[in-house]
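File shown: input-v8.csv (CSV, C-alpha atoms and all ligand atoms).
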chain,number,residue,atom,x,y,z
E,1,MET,CA,-82.1,123.6,-79.5
E,2,LYS,CA,-82.7,120.0,-80.7
E,3,TYR,CA,-86.2,119.0,-81.8
E,4,ILE,CA,-88.0,116.4,-83.8
E,5,GLU,CA,-88.4,117.5,-87.4
E,6,HIS,CA,-91.1,115.7,-89.4
E,7,GLY,CA,-90.9,117.6,-92.6
E,8,LYS,CA,-94.0,117.3,-94.7
E,9,GLY,CA,-95.1,114.3,-92.7
E,10,GLY,CA,-95.5,110.6,-93.5
E,11,THR,CA,-94.6,107.3,-91.9
E,12,PRO,CA,-92.7,107.3,-88.6
E,13,ASP,CA,-89.3,107.3,-90.3
E,14,CYS,CA,-90.0,110.9,-91.5
E,15,MET,CA,-89.0,112.0,-88.0
E,16,HIS,CA,-85.4,112.9,-87.1
E,17,ILE,CA,-83.4,115.2,-84.8
E,18,ALA,CA,-82.7,118.7,-86.1
E,19,ASP,CA,-81.6,122.0,-84.8
E,20,THR,CA,-83.7,125.2,-84.5
E,21,ALA,CA,-83.8,128.4,-82.6
E,22,LYS,CA,-84.9,128.2,-79.0
E,23,PRO,CA,-88.4,129.8,-78.7
E,24,VAL,CA,-88.9,133.0,-76.8
E,25,PRO,CA,-91.8,133.3,-74.4
E,26,GLY,CA,-94.4,135.9,-75.3
E,27,GLU,CA,-96.7,137.8,-73.0
E,28,GLY,CA,-98.4,135.4,-70.6
E,29,GLU,CA,-96.1,132.5,-71.6
E,30,ILE,CA,-93.5,130.4,-70.0
E,31,LEU,CA,-90.4,128.8,-71.6
E,32,ILE,CA,-90.0,125.2,-70.3
E,33,GLU,CA,-86.7,123.3,-70.5
E,34,VAL,CA,-88.3,120.0,-71.4
E,35,ALA,CA,-87.4,116.9,-69.4
E,36,TYR,CA,-90.0,114.5,-70.8
E,37,ALA,CA,-92.7,114.7,-73.5
E,38,GLY,CA,-95.8,112.5,-73.5
E,39,VAL,CA,-96.7,110.8,-76.8
E,40,ASN,CA,-100.3,110.9,-77.9
E,41,ARG,CA,-102.3,109.4,-80.8
E,42,PRO,CA,-103.0,113.0,-82.1
E,43,ASP,CA,-99.2,113.3,-82.5
E,44,VAL,CA,-99.4,110.2,-84.8
E,45,LEU,CA,-102.2,111.8,-86.8
E,46,GLN,CA,-100.3,115.1,-87.1
E,47,ARG,CA,-97.1,113.4,-88.2
E,48,SER,CA,-99.0,111.5,-90.8
E,49,GLY,CA,-100.5,114.7,-92.2
E,50,LYS,CA,-104.1,114.0,-91.0
E,51,TYR,CA,-104.3,116.6,-88.1
E,52,PRO,CA,-102.6,119.9,-89.0
E,53,PRO,CA,-101.8,122.2,-86.0
E,54,PRO,CA,-104.3,125.0,-85.5
E,55,PRO,CA,-103.3,128.5,-86.8
E,56,GLY,CA,-100.5,130.1,-84.7
E,57,ALA,CA,-99.5,126.8,-82.9
E,58,SER,CA,-96.0,125.4,-83.1
E,59,PRO,CA,-95.6,123.1,-86.1
E,60,ILE,CA,-93.4,120.9,-83.9
E,61,LEU,CA,-95.1,117.7,-82.5
E,62,GLY,CA,-95.9,117.3,-78.8
E,63,LEU,CA,-98.9,118.2,-76.8
E,64,GLU,CA,-97.6,117.7,-73.2
E,65,VAL,CA,-94.3,118.1,-71.4
E,66,SER,CA,-92.7,118.2,-68.0
E,67,GLY,CA,-89.6,120.1,-67.1
E,68,ARG,CA,-88.1,123.2,-65.5
E,69,VAL,CA,-89.2,126.8,-66.1
E,70,ALA,CA,-86.3,128.4,-68.0
E,71,ALA,CA,-87.7,131.9,-68.6
E,72,ILE,CA,-91.0,133.8,-68.2
E,73,GLY,CA,-92.7,136.3,-70.5
E,74,ALA,CA,-94.4,139.5,-69.4
E,75,ASN,CA,-97.3,139.4,-67.0
E,76,VAL,CA,-96.6,135.9,-65.6
E,77,SER,CA,-96.8,135.8,-61.8
E,78,GLU,CA,-97.8,132.2,-61.0
E,79,TYR,CA,-94.4,130.6,-61.8
E,80,LYS,CA,-90.8,131.6,-61.5
E,81,VAL,CA,-87.5,130.4,-63.2
E,82,GLY,CA,-86.4,127.1,-61.8
E,83,ASP,CA,-89.9,125.7,-60.9
E,84,LEU,CA,-90.6,122.2,-62.0
E,85,VAL,CA,-93.9,122.0,-63.9
E,86,THR,CA,-96.0,120.0,-66.3
E,87,ALA,CA,-98.0,121.6,-69.1
E,88,LEU,CA,-100.6,121.1,-71.9
E,89,THR,CA,-98.7,122.6,-74.8
E,90,PRO,CA,-100.1,124.2,-78.0
E,91,GLY,CA,-97.6,122.0,-79.8
E,92,GLY,CA,-93.8,122.0,-79.6
E,93,GLY,CA,-93.2,119.3,-76.9
E,94,TYR,CA,-90.8,117.1,-78.9
E,95,ALA,CA,-88.0,119.6,-78.3
E,96,GLU,CA,-85.5,120.7,-75.7
E,97,PHE,CA,-87.4,123.9,-75.0
E,98,CYS,CA,-91.1,124.7,-75.4
E,99,THR,CA,-93.2,127.8,-74.8
E,100,VAL,CA,-96.6,127.4,-73.2
E,101,PRO,CA,-99.3,129.8,-72.0
E,102,ALA,CA,-98.9,130.0,-68.2
E,103,ALA,CA,-102.7,129.3,-67.9
E,104,GLN,CA,-102.0,125.7,-69.1
E,105,VAL,CA,-99.2,125.0,-66.7
E,106,LEU,CA,-99.5,122.9,-63.5
E,107,PRO,CA,-97.2,122.1,-60.7
E,108,ILE,CA,-95.7,118.6,-60.5
E,109,PRO,CA,-98.0,116.7,-58.1
E,110,ALA,CA,-96.1,115.9,-54.9
E,111,GLY,CA,-94.5,112.5,-55.0
E,112,VAL,CA,-94.9,112.1,-58.8
E,113,ASP,CA,-91.7,111.8,-60.9
E,114,LEU,CA,-91.2,114.0,-63.9
E,115,ALA,CA,-91.7,111.3,-66.5
E,116,THR,CA,-95.1,110.4,-65.1
E,117,ALA,CA,-96.0,114.1,-64.8
E,118,ALA,CA,-95.4,114.6,-68.5
E,119,CYS,CA,-98.1,112.0,-69.2
E,120,LEU,CA,-100.8,113.8,-67.2
E,121,PRO,CA,-102.0,116.9,-69.2
E,122,GLU,CA,-103.3,115.7,-72.5
E,123,ASN,CA,-105.2,112.8,-71.1
E,124,TRP,CA,-106.5,114.6,-68.0
E,125,PHE,CA,-107.6,117.9,-69.8
E,126,THR,CA,-109.4,115.7,-72.4
E,127,VAL,CA,-111.0,113.2,-70.2
E,128,TRP,CA,-112.0,115.7,-67.5
E,129,ALA,CA,-113.7,118.0,-70.1
E,130,ASN,CA,-115.4,115.2,-71.9
E,131,LEU,CA,-116.7,113.2,-68.9
E,132,THR,CA,-117.7,116.1,-66.6
E,133,GLN,CA,-118.5,119.1,-68.9
E,134,HIS,CA,-120.0,117.1,-71.8
E,135,GLY,CA,-120.9,113.6,-70.4
E,136,HIS,CA,-122.1,114.9,-67.0
E,137,LEU,CA,-121.0,111.6,-65.4
E,138,VAL,CA,-122.0,111.5,-61.7
E,139,ALA,CA,-121.7,109.1,-58.8
E,140,GLY,CA,-123.8,105.9,-59.1
E,141,GLU,CA,-123.8,106.0,-62.9
E,142,ARG,CA,-122.3,103.4,-65.3
E,143,ILE,CA,-120.0,104.3,-68.2
E,144,LEU,CA,-118.8,102.2,-71.1
E,145,ILE,CA,-115.3,103.2,-72.2
E,146,HIS,CA,-114.0,102.0,-75.6
E,147,GLY,CA,-110.2,101.8,-76.1
E,148,GLY,CA,-110.0,101.1,-72.3
E,149,SER,CA,-106.3,100.4,-72.3
E,150,SER,CA,-105.3,103.6,-74.2
E,151,GLY,CA,-103.9,106.6,-72.4
E,152,ILE,CA,-107.3,108.3,-72.7
E,153,GLY,CA,-109.2,105.0,-71.7
E,154,LEU,CA,-107.2,104.4,-68.5
E,155,THR,CA,-107.6,108.0,-67.5
E,156,ALA,CA,-111.3,107.7,-68.0
E,157,VAL,CA,-111.3,104.6,-65.7
E,158,GLN,CA,-109.5,106.5,-63.0
E,159,LEU,CA,-111.8,109.5,-63.3
E,160,ALA,CA,-115.0,107.4,-63.3
E,161,ASN,CA,-113.7,105.6,-60.1
E,162,HIS,CA,-112.9,109.0,-58.6
E,163,LEU,CA,-116.5,110.1,-59.4
E,164,LYS,CA,-117.8,106.8,-58.0
E,165,ALA,CA,-119.2,105.6,-61.3
E,166,GLU,CA,-119.1,101.9,-62.5
E,167,THR,CA,-116.9,101.2,-65.5
E,168,ILE,CA,-117.1,98.7,-68.4
E,169,VAL,CA,-114.2,98.9,-70.9
E,170,THR,CA,-113.7,97.3,-74.3
E,171,VAL,CA,-110.1,96.3,-75.3
E,172,GLY,CA,-108.4,94.3,-78.0
E,173,SER,CA,-106.8,91.5,-76.0
E,174,ASP,CA,-107.2,89.4,-72.8
E,175,GLU,CA,-104.0,90.9,-71.5
E,176,LYS,CA,-105.4,94.4,-71.8
E,177,ALA,CA,-108.6,93.3,-70.2
E,178,GLU,CA,-106.8,91.9,-67.2
E,179,PHE,CA,-104.7,95.0,-66.9
E,180,CYS,CA,-107.7,97.3,-67.0
E,181,LYS,CA,-109.5,95.3,-64.3
E,182,LYS,CA,-106.3,95.6,-62.1
E,183,PHE,CA,-106.2,99.3,-62.9
E,184,GLY,CA,-109.8,99.8,-61.6
E,185,ALA,CA,-112.2,98.9,-64.3
E,186,THR,CA,-115.3,97.1,-63.0
E,187,HIS,CA,-115.6,94.9,-66.1
E,188,ALA,CA,-113.5,94.5,-69.3
E,189,ILE,CA,-114.6,93.0,-72.6
E,190,ASN,CA,-112.2,91.8,-75.3
E,191,TYR,CA,-114.1,93.0,-78.3
E,192,ARG,CA,-112.1,90.7,-80.7
E,193,ASP,CA,-113.7,87.6,-79.3
E,194,THR,CA,-116.8,88.8,-77.5
E,195,ASP,CA,-119.7,90.9,-78.9
E,196,PHE,CA,-119.6,93.9,-76.6
E,197,VAL,CA,-123.3,94.8,-77.2
E,198,THR,CA,-124.4,91.4,-75.9
E,199,GLU,CA,-121.9,91.4,-73.1
E,200,VAL,CA,-122.8,94.9,-71.8
E,201,GLY,CA,-126.5,93.8,-72.0
E,202,LYS,CA,-125.6,90.7,-69.8
E,203,LEU,CA,-123.5,92.7,-67.4
E,204,THR,CA,-126.2,95.3,-66.9
E,205,ASN,CA,-129.2,92.9,-66.9
E,206,GLY,CA,-130.4,94.7,-70.0
E,207,GLY,CA,-130.3,98.1,-68.2
E,208,GLY,CA,-127.5,99.6,-70.3
E,209,VAL,CA,-125.2,102.5,-69.4
E,210,ASP,CA,-125.5,106.2,-68.7
E,211,VAL,CA,-122.5,107.3,-70.6
E,212,VAL,CA,-120.4,106.0,-73.5
E,213,LEU,CA,-116.9,107.4,-74.2
E,214,ASP,CA,-116.1,106.5,-77.8
E,215,MET,CA,-113.0,106.7,-80.0
E,216,VAL,CA,-113.9,104.2,-82.6
E,217,GLY,CA,-116.6,106.2,-84.4
E,218,ALA,CA,-119.0,105.2,-87.2
E,219,PRO,CA,-119.1,101.3,-86.8
E,220,TYR,CA,-120.0,101.7,-83.1
E,221,PHE,CA,-122.5,104.6,-83.4
E,222,ASN,CA,-125.7,102.5,-83.6
E,223,LYS,CA,-124.4,100.0,-81.1
E,224,ASN,CA,-123.5,102.7,-78.6
E,225,LEU,CA,-127.0,104.3,-78.9
E,226,SER,CA,-128.5,100.9,-78.3
E,227,LEU,CA,-126.7,100.5,-75.0
E,228,LEU,CA,-127.6,103.9,-73.6
E,229,LYS,CA,-130.3,104.2,-71.0
E,230,ARG,CA,-132.9,106.9,-71.2
E,231,ASP,CA,-131.2,110.4,-71.0
E,232,GLY,CA,-127.9,108.7,-71.7
E,233,ARG,CA,-124.9,110.6,-73.2
E,234,LEU,CA,-122.6,109.4,-76.1
E,235,VAL,CA,-119.3,111.3,-75.9
E,236,ILE,CA,-117.1,111.0,-79.0
E,237,VAL,CA,-113.4,111.9,-78.8
E,238,ALA,CA,-112.1,110.3,-82.0
E,239,PHE,CA,-113.1,108.2,-85.1
E,240,LEU,CA,-110.4,105.5,-85.3
E,241,GLU,CA,-112.6,103.6,-87.7
E,242,GLY,CA,-114.2,106.5,-89.6
E,243,SER,CA,-116.9,109.1,-89.1
E,244,LYS,CA,-119.4,108.3,-91.9
E,245,ASP,CA,-121.9,105.5,-92.2
E,246,GLU,CA,-125.7,104.9,-92.2
E,247,PHE,CA,-127.2,105.8,-88.9
E,248,ASP,CA,-130.6,105.2,-87.2
E,249,LEU,CA,-131.3,108.3,-85.2
E,250,MET,CA,-134.6,107.0,-83.7
E,251,PRO,CA,-133.1,106.0,-80.3
E,252,ILE,CA,-131.9,109.6,-79.8
E,253,MET,CA,-135.5,110.8,-79.8
E,254,LEU,CA,-137.1,107.8,-78.1
E,255,LYS,CA,-134.5,107.7,-75.2
E,256,ARG,CA,-133.8,111.5,-75.1
E,257,LEU,CA,-130.1,110.8,-75.7
E,258,VAL,CA,-127.4,113.4,-76.0
E,259,VAL,CA,-124.7,112.9,-78.7
E,260,THR,CA,-121.7,115.1,-78.0
E,261,GLY,CA,-117.9,115.2,-78.3
E,262,SER,CA,-115.0,117.7,-78.5
E,263,THR,CA,-111.4,118.2,-79.4
E,264,MET,CA,-108.9,119.7,-76.9
E,265,ARG,CA,-106.4,121.5,-79.1
E,266,PRO,CA,-108.5,124.2,-80.7
E,267,ARG,CA,-110.0,125.4,-77.4
E,268,THR,CA,-109.0,128.9,-76.3
E,269,ILE,CA,-106.4,129.5,-73.6
E,270,ALA,CA,-109.2,130.8,-71.3
E,271,GLU,CA,-111.2,127.5,-71.8
E,272,LYS,CA,-108.1,125.4,-71.0
E,273,GLN,CA,-107.4,127.5,-67.9
E,274,VAL,CA,-110.8,126.6,-66.5
E,275,LEU,CA,-109.9,122.9,-67.1
E,276,ARG,CA,-106.4,123.4,-65.6
E,277,ASP,CA,-108.0,125.0,-62.5
E,278,ASP,CA,-110.5,122.2,-62.2
E,279,LEU,CA,-107.8,119.6,-62.4
E,280,ARG,CA,-105.6,121.3,-59.9
E,281,ARG,CA,-108.4,121.5,-57.4
E,282,GLU,CA,-110.2,118.1,-58.0
E,283,ILE,CA,-107.5,115.7,-59.4
E,284,TRP,CA,-104.0,116.8,-58.4
E,285,PRO,CA,-104.8,116.0,-54.6
E,286,ALA,CA,-106.1,112.5,-55.6
E,287,ILE,CA,-102.9,111.9,-57.6
E,288,GLU,CA,-100.8,113.1,-54.7
E,289,SER,CA,-102.6,110.8,-52.3
E,290,GLY,CA,-102.0,107.8,-54.7
E,291,LYS,CA,-105.7,107.3,-55.3
E,292,ILE,CA,-105.3,108.1,-59.0
E,293,GLN,CA,-102.6,106.2,-61.0
E,294,THR,CA,-100.8,106.6,-64.3
E,295,HIS,CA,-99.2,103.8,-66.2
E,296,ILE,CA,-96.2,104.3,-68.4
E,297,HIS,CA,-95.7,101.4,-70.9
E,298,ALA,CA,-92.5,102.5,-72.5
E,299,ARG,CA,-89.9,105.3,-72.6
E,300,PHE,CA,-87.7,106.3,-75.6
E,301,GLY,CA,-85.0,108.8,-76.1
E,302,LEU,CA,-86.0,111.9,-78.1
E,303,ALA,CA,-84.0,110.6,-81.1
E,304,GLN,CA,-86.1,107.4,-81.0
E,305,ALA,CA,-89.4,109.2,-81.5
E,306,SER,CA,-90.0,107.1,-84.6
E,307,LYS,CA,-89.9,103.9,-82.5
E,308,ALA,CA,-92.3,105.5,-80.0
E,309,HIS,CA,-94.8,106.2,-82.9
E,310,LEU,CA,-94.4,102.7,-84.3
E,311,LEU,CA,-95.3,101.3,-81.0
E,312,MET,CA,-98.3,103.5,-80.7
E,313,GLU,CA,-99.5,102.6,-84.2
E,314,SER,CA,-99.1,98.9,-83.3
E,315,SER,CA,-101.6,99.4,-80.4
E,316,LYS,CA,-99.5,96.9,-78.4
E,317,HIS,CA,-99.0,99.4,-75.6
E,318,ILE,CA,-101.1,99.8,-72.5
E,319,GLY,CA,-101.3,103.3,-71.2
E,320,LYS,CA,-98.7,105.9,-71.9
E,321,ILE,CA,-95.5,106.2,-74.0
E,322,VAL,CA,-93.0,108.9,-73.0
E,323,LEU,CA,-90.0,110.6,-74.7
E,324,GLU,CA,-86.9,111.2,-72.5
E,325,VAL,CA,-85.8,114.6,-73.8
E,326,ASN,CA,-83.4,115.8,-71.1
E,327,PRO,CA,-84.3,113.7,-68.1
E,328,MET,CA,-84.0,115.6,-64.8
E,401,LIG,N1,-110.9,114.7,-78.8
E,401,LIG,C1,-109.8,115.0,-78.1
E,401,LIG,O1,-109.6,116.1,-77.6
E,401,LIG,C2,-108.7,113.9,-78.0
E,401,LIG,C3,-107.5,114.2,-77.2
E,401,LIG,C4,-106.6,113.2,-77.1
E,401,LIG,C5,-106.8,111.9,-77.7
E,401,LIG,N2,-107.9,111.8,-78.5
E,401,LIG,C6,-108.2,110.5,-79.2
E,401,LIG,O2,-108.4,109.5,-78.2
E,401,LIG,C7,-107.9,108.3,-78.7
E,401,LIG,C8,-107.0,107.7,-77.7
E,401,LIG,O3,-105.8,108.5,-77.6
E,401,LIG,P1,-104.5,108.0,-76.9
E,401,LIG,O4,-103.4,109.0,-77.1
E,401,LIG,O5,-104.9,107.5,-75.6
E,401,LIG,O6,-104.1,106.8,-77.9
E,401,LIG,P2,-103.6,105.3,-77.7
E,401,LIG,O7,-103.0,105.1,-76.3
E,401,LIG,O8,-102.8,105.0,-78.8
E,401,LIG,O9,-104.9,104.4,-77.7
E,401,LIG,C9,-105.7,104.1,-78.8
E,401,LIG,C10,-106.3,102.7,-78.6
E,401,LIG,O10,-107.4,102.5,-79.4
E,401,LIG,C11,-107.5,101.2,-79.7
E,401,LIG,N3,-107.7,101.1,-81.2
E,401,LIG,C12,-106.8,101.5,-82.1
E,401,LIG,N4,-107.4,101.3,-83.3
E,401,LIG,C13,-108.6,100.9,-83.1
E,401,LIG,C14,-109.6,100.5,-83.9
E,401,LIG,N5,-109.5,100.6,-85.3
E,401,LIG,N6,-110.8,100.0,-83.4
E,401,LIG,C15,-110.9,99.9,-82.1
E,401,LIG,N7,-109.9,100.3,-81.2
E,401,LIG,C16,-108.8,100.7,-81.7
E,401,LIG,C17,-106.2,100.4,-79.4
E,401,LIG,O11,-106.4,99.5,-78.3
E,401,LIG,P3,-107.1,98.1,-78.6
E,401,LIG,O12,-106.0,97.0,-78.6
E,401,LIG,O13,-108.0,97.9,-77.5
E,401,LIG,O14,-107.8,98.1,-79.9
E,401,LIG,C18,-105.3,101.6,-78.9
E,401,LIG,O15,-104.5,101.2,-77.8
E,401,LIG,C19,-107.2,108.5,-80.0
E,401,LIG,O16,-108.1,108.2,-81.1
E,401,LIG,C20,-107.0,110.0,-80.0
E,401,LIG,O17,-106.9,110.6,-81.3
E,401,LIG,C21,-108.8,112.7,-78.6
Let me see whether you can do it: turn the structure in this file into structure tokens.
Amino acid sequence: MKYIEHGKGGTPDCMHIADTAKPVPGEGEILIEVAYAGVNRPDVLQRSGKYPPPPGASPILGLEVSGRVAAIGANVSEYKVGDLVTALTPGGGYAEFCTVPAAQVLPIPAGVDLATAACLPENWFTVWANLTQHGHLVAGERILIHGGSSGIGLTAVQLANHLKAETIVTVGSDEKAEFCKKFGATHAINYRDTDFVTEVGKLTNGGGVDVVLDMVGAPYFNKNLSLLKRDGRLVIVAFLEGSKDEFDLMPIMLKRLVVTGSTMRPRTIAEKQVLRDDLRREIWPAIESGKIQTHIHARFGLAQASKAHLLMESSKHIGKIVLEVNPM
């Protein structure tokens, strides 16, 4: 099969098409003939050598795919050959075939095309886990979402709306701010020309927010704590600007704050299955009814994976970038 080889890693031009043996599904696994593969920031980190795959995972890039079930391993009863599916992969998505634990596979939501379906798993597993299990976001609360126009950010906006929470996002341009508001954010702040701490203070009459979803890290830590209400939760999913600095921990004690965060990839299959089942029950129907949206910014052929990564690194995109592997 064809796949994207990235050798020892480096800049986007280290990626090129190569041939390798088609993987064979083991017990509890499904082999998917890949139609589309979603591109995610963790792929960029892995390609550049900063995020090695966990032990046992495919060294090939790609955390989510859609496509057709091509074969099934032992003890798989949920799916059969020929089914169209989408899946959170353990890696290996930038390829014509990919093996995935059946517990991480979902049906294509009715009415959703395969390209869009490939963009669902990584963002939805991550955002669902972090906002519900760790952030405990509930109806009537207010959430500040940094990186609001990212794949993760727009998914967080959709989930917060679904949960009937109010959203404030920070983004790097006026165009992104407008887009996020049209996509359901209650307020959007361009952090490049507006101090988001002052602006969130104004928007909330000094009340602050219940939850912050952060991907910027150290430079935002004290600012995020300052904006949280009593019993607020700071949920950290990345450190785009680093993880180390000087911090004032006092607000955590005084306001009974919770500082938490998580990564998706190292979770066990059983943990991912719980998330998969939650999404199928709570989110797939809302996607099918059109209440929850996904936005694809750009599509590239598999051989153009380097262009897809260059675009992601430029941060000029809004929402998702997808690779057309063998469009169906
Ligand atoms: N913990 C987990 O399990 C998990 C899972 C998936 C993804 N993630 C992380 O979540 C983040 C979003 O992922 P994604 O795939 O949705 O990526 P993405 O679409 O590329 O979004 C990243 C966004 O962050 C903003 N950004 C980039 N550099 C920044 C900086 N230095 N300071 C402030 N904002 C910056 C950019 O928008 P602006 O123009 O607004 O700056 C960019 O669009 C990534 O950091 C990724 O590693 C974590």
Would you mind telling me which residue in E:Val112, E:Leu323, E:Ile60, E:Ala308 lies nearest to ligand LIG 401 (chain E) when using all atoms listed in the file?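 Using all atoms listed in the file, ligand LIG 401 (chain E) sits closest to E:Ala308.
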8 Å from ligand LIG 401 (chain E) is the threshold here; counting only C-alpha atoms and all ligand atoms, which polymer residues fall inside it? Answer as a ChimeraX atom specification. /E:39-42,45,122-123,126-127,146-153,170-173,176,190-191,215-216,236-241,261-265,312-313,315-321
Neighbouring residues of region 225-234 of chain E were defined as those with any atom within 10 Å, considering all atoms listed in the file; residues of the same chain fewer than 4 positions away were excluded. Please report them as a compact mmCIF listing (two decimals) with C-alpha atoms, in the frame of the given file.
# COMPACT_ATOMS: atom_id res chain seq x y z
CA LEU E 131 -116.70 113.20 -68.90
CA HIS E 134 -120.00 117.10 -71.80
CA GLY E 135 -120.90 113.60 -70.40
CA HIS E 136 -122.10 114.90 -67.00
CA LEU E 137 -121.00 111.60 -65.40
CA ARG E 142 -122.30 103.40 -65.30
CA ILE E 143 -120.00 104.30 -68.20
CA LEU E 144 -118.80 102.20 -71.10
CA PHE E 196 -119.60 93.90 -76.60
CA VAL E 197 -123.30 94.80 -77.20
CA THR E 198 -124.40 91.40 -75.90
CA VAL E 200 -122.80 94.90 -71.80
CA GLY E 201 -126.50 93.80 -72.00
CA THR E 204 -126.20 95.30 -66.90
CA GLY E 206 -130.40 94.70 -70.00
CA GLY E 207 -130.30 98.10 -68.20
CA GLY E 208 -127.50 99.60 -70.30
CA VAL E 209 -125.20 102.50 -69.40
CA ASP E 210 -125.50 106.20 -68.70
CA VAL E 211 -122.50 107.30 -70.60
CA VAL E 212 -120.40 106.00 -73.50
CA LEU E 213 -116.90 107.40 -74.20
CA ASP E 214 -116.10 106.50 -77.80
CA TYR E 220 -120.00 101.70 -83.10
CA PHE E 221 -122.50 104.60 -83.40
CA ASP E 248 -130.60 105.20 -87.20
CA LEU E 249 -131.30 108.30 -85.20
CA MET E 250 -134.60 107.00 -83.70
CA PRO E 251 -133.10 106.00 -80.30
CA ILE E 252 -131.90 109.60 -79.80
CA MET E 253 -135.50 110.80 -79.80
CA LEU E 254 -137.10 107.80 -78.10
CA LYS E 255 -134.50 107.70 -75.20
CA ARG E 256 -133.80 111.50 -75.10
CA LEU E 257 -130.10 110.80 -75.70
CA VAL E 258 -127.40 113.40 -76.00
CA VAL E 259 -124.70 112.90 -78.70
CA THR E 260 -121.70 115.10 -78.00
CA GLY E 261 -117.90 115.20 -78.30
Up to 12 Å from (-81.3, 114.2, -63.6) in the file's coordinates: name the residues, counting all atoms listed in the file, as a tab-separated table (two decimals) with C-alpha atoms, in the coordinates of the input.
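Contents of out.tsv, as written:
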chain	number	residue	atom	x	y	z
E	34	VAL	CA	-88.30	120.00	-71.40
E	35	ALA	CA	-87.40	116.90	-69.40
E	36	TYR	CA	-90.00	114.50	-70.80
E	67	GLY	CA	-89.60	120.10	-67.10
E	68	ARG	CA	-88.10	123.20	-65.50
E	113	ASP	CA	-91.70	111.80	-60.90
E	114	LEU	CA	-91.20	114.00	-63.90
E	115	ALA	CA	-91.70	111.30	-66.50
E	324	GLU	CA	-86.90	111.20	-72.50
E	325	VAL	CA	-85.80	114.60	-73.80
E	326	ASN	CA	-83.40	115.80	-71.10
E	327	PRO	CA	-84.30	113.70	-68.10
E	328	MET	CA	-84.00	115.60	-64.80
Residues within 8 Å of Phe97 (chain E), please, as a list of chain:residue names. Count all atoms listed in the file; anything in the same chain fewer than 3 positions from it doesn't count. E:Met1, E:Lys22, E:Pro23, E:Leu31, E:Ile32, E:Glu33, E:Val34, E:Gly93
Residues from last step as file, C-alpha atoms, as a PDB file, keeping the file's coordinate frame:
ATOM      1  CA  MET E   1     -82.100 123.600 -79.500  1.00  0.00           C
ATOM      2  CA  LYS E  22     -84.900 128.200 -79.000  1.00  0.00           C
ATOM      3  CA  PRO E  23     -88.400 129.800 -78.700  1.00  0.00           C
ATOM      4  CA  LEU E  31     -90.400 128.800 -71.600  1.00  0.00           C
ATOM      5  CA  ILE E  32     -90.000 125.200 -70.300  1.00  0.00           C
ATOM      6  CA  GLU E  33     -86.700 123.300 -70.500  1.00  0.00           C
ATOM      7  CA  VAL E  34     -88.300 120.000 -71.400  1.00  0.00           C
ATOM      8  CA  GLY E  93     -93.200 119.300 -76.900  1.00  0.00           C
TER       9      GLY E  93
END
Go through E:Val44, E:Val157, E:Ala37, E:Val274 one by one, measure the shortest atom-to-atom distance of each to His187 (chain E) using all atoms listed in the file, and give the residue with the smallest value.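 The answer is E:Val157, which sits nearest to His187 (chain E).
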Could you pull out every residue with an atom within 8 Å of (-97.4, 114.3, -67.5), file coordinates, counting all atoms listed in the file, and send them as a list in words?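 Checked against the point, the hits come out as Ala37, Gly38, Glu64, Val65, Ser66, Thr86, Ala87, Leu114, Ala115, Thr116, Ala117, Ala118, Cys119, Leu120, Pro121 and Glu122 of chain E.
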Compare E:Val138, E:Ala74, E:Ile30, E:Leu63 by their minimum atom-to-atom distance to Val100 (chain E), counting all atoms listed in the file, and give me the closest one.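 Going through E:Val138, E:Ala74, E:Ile30, E:Leu63 one by one, the smallest distance to Val100 (chain E) is for E:Ile30.
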The distance between CA of Glu27 (chain E) and CA of Asp278 (chain E) is 23.5 Å
What is the CA of Leu159 (chain E)-CA of Asn222 (chain E) distance in Å, reported with one decimal?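 That distance, rounded to one decimal, is 25.6 Å.
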How far is it from CA of Ala177 (chain E) to CA of Val322 (chain E), in Å with one decimal?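 Straight-line distance from CA of Ala177 (chain E) to CA of Val322 (chain E) works out to 22.2 Å.
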Skip Ser243 (chain E) itself and residues of its chain fewer than 6 positions away, then list as a ChimeraX atom specification all residues within 9 Å of it, counting only C-alpha atoms. /E:216-219
With a distance cut-off of 9 Å and all atoms listed in the file, select the neighbouring residues of Asp19 (chain E), excluding the residue or stretch itself and same-chain residues fewer than 3 positions from it, and output the selection as number ranges by chain. E: 1-5
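Among the candidates E:Gly184, E:Gly26, E:Gly91, E:Gly111, the residue lying nearest to Pro52 (chain E) is E:Gly91 (atoms considered: only C-alpha atoms).
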Closest of E:Ala102, E:Ala298, E:Leu310, E:Leu84 to Ala70 (chain E) - atom-to-atom distances counting only C-alpha atoms: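 Among the listed residues, the smallest separation from Ala70 (chain E) belongs to E:Leu84.
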Which residue gives the smallest distance to Ile269 (chain E) among E:Ala103, E:Ala18, E:Ala71, E:Val76, with all atoms listed in the file counted?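 Among E:Ala103, E:Ala18, E:Ala71, E:Val76, it is E:Ala103 that comes nearest to Ile269 (chain E).
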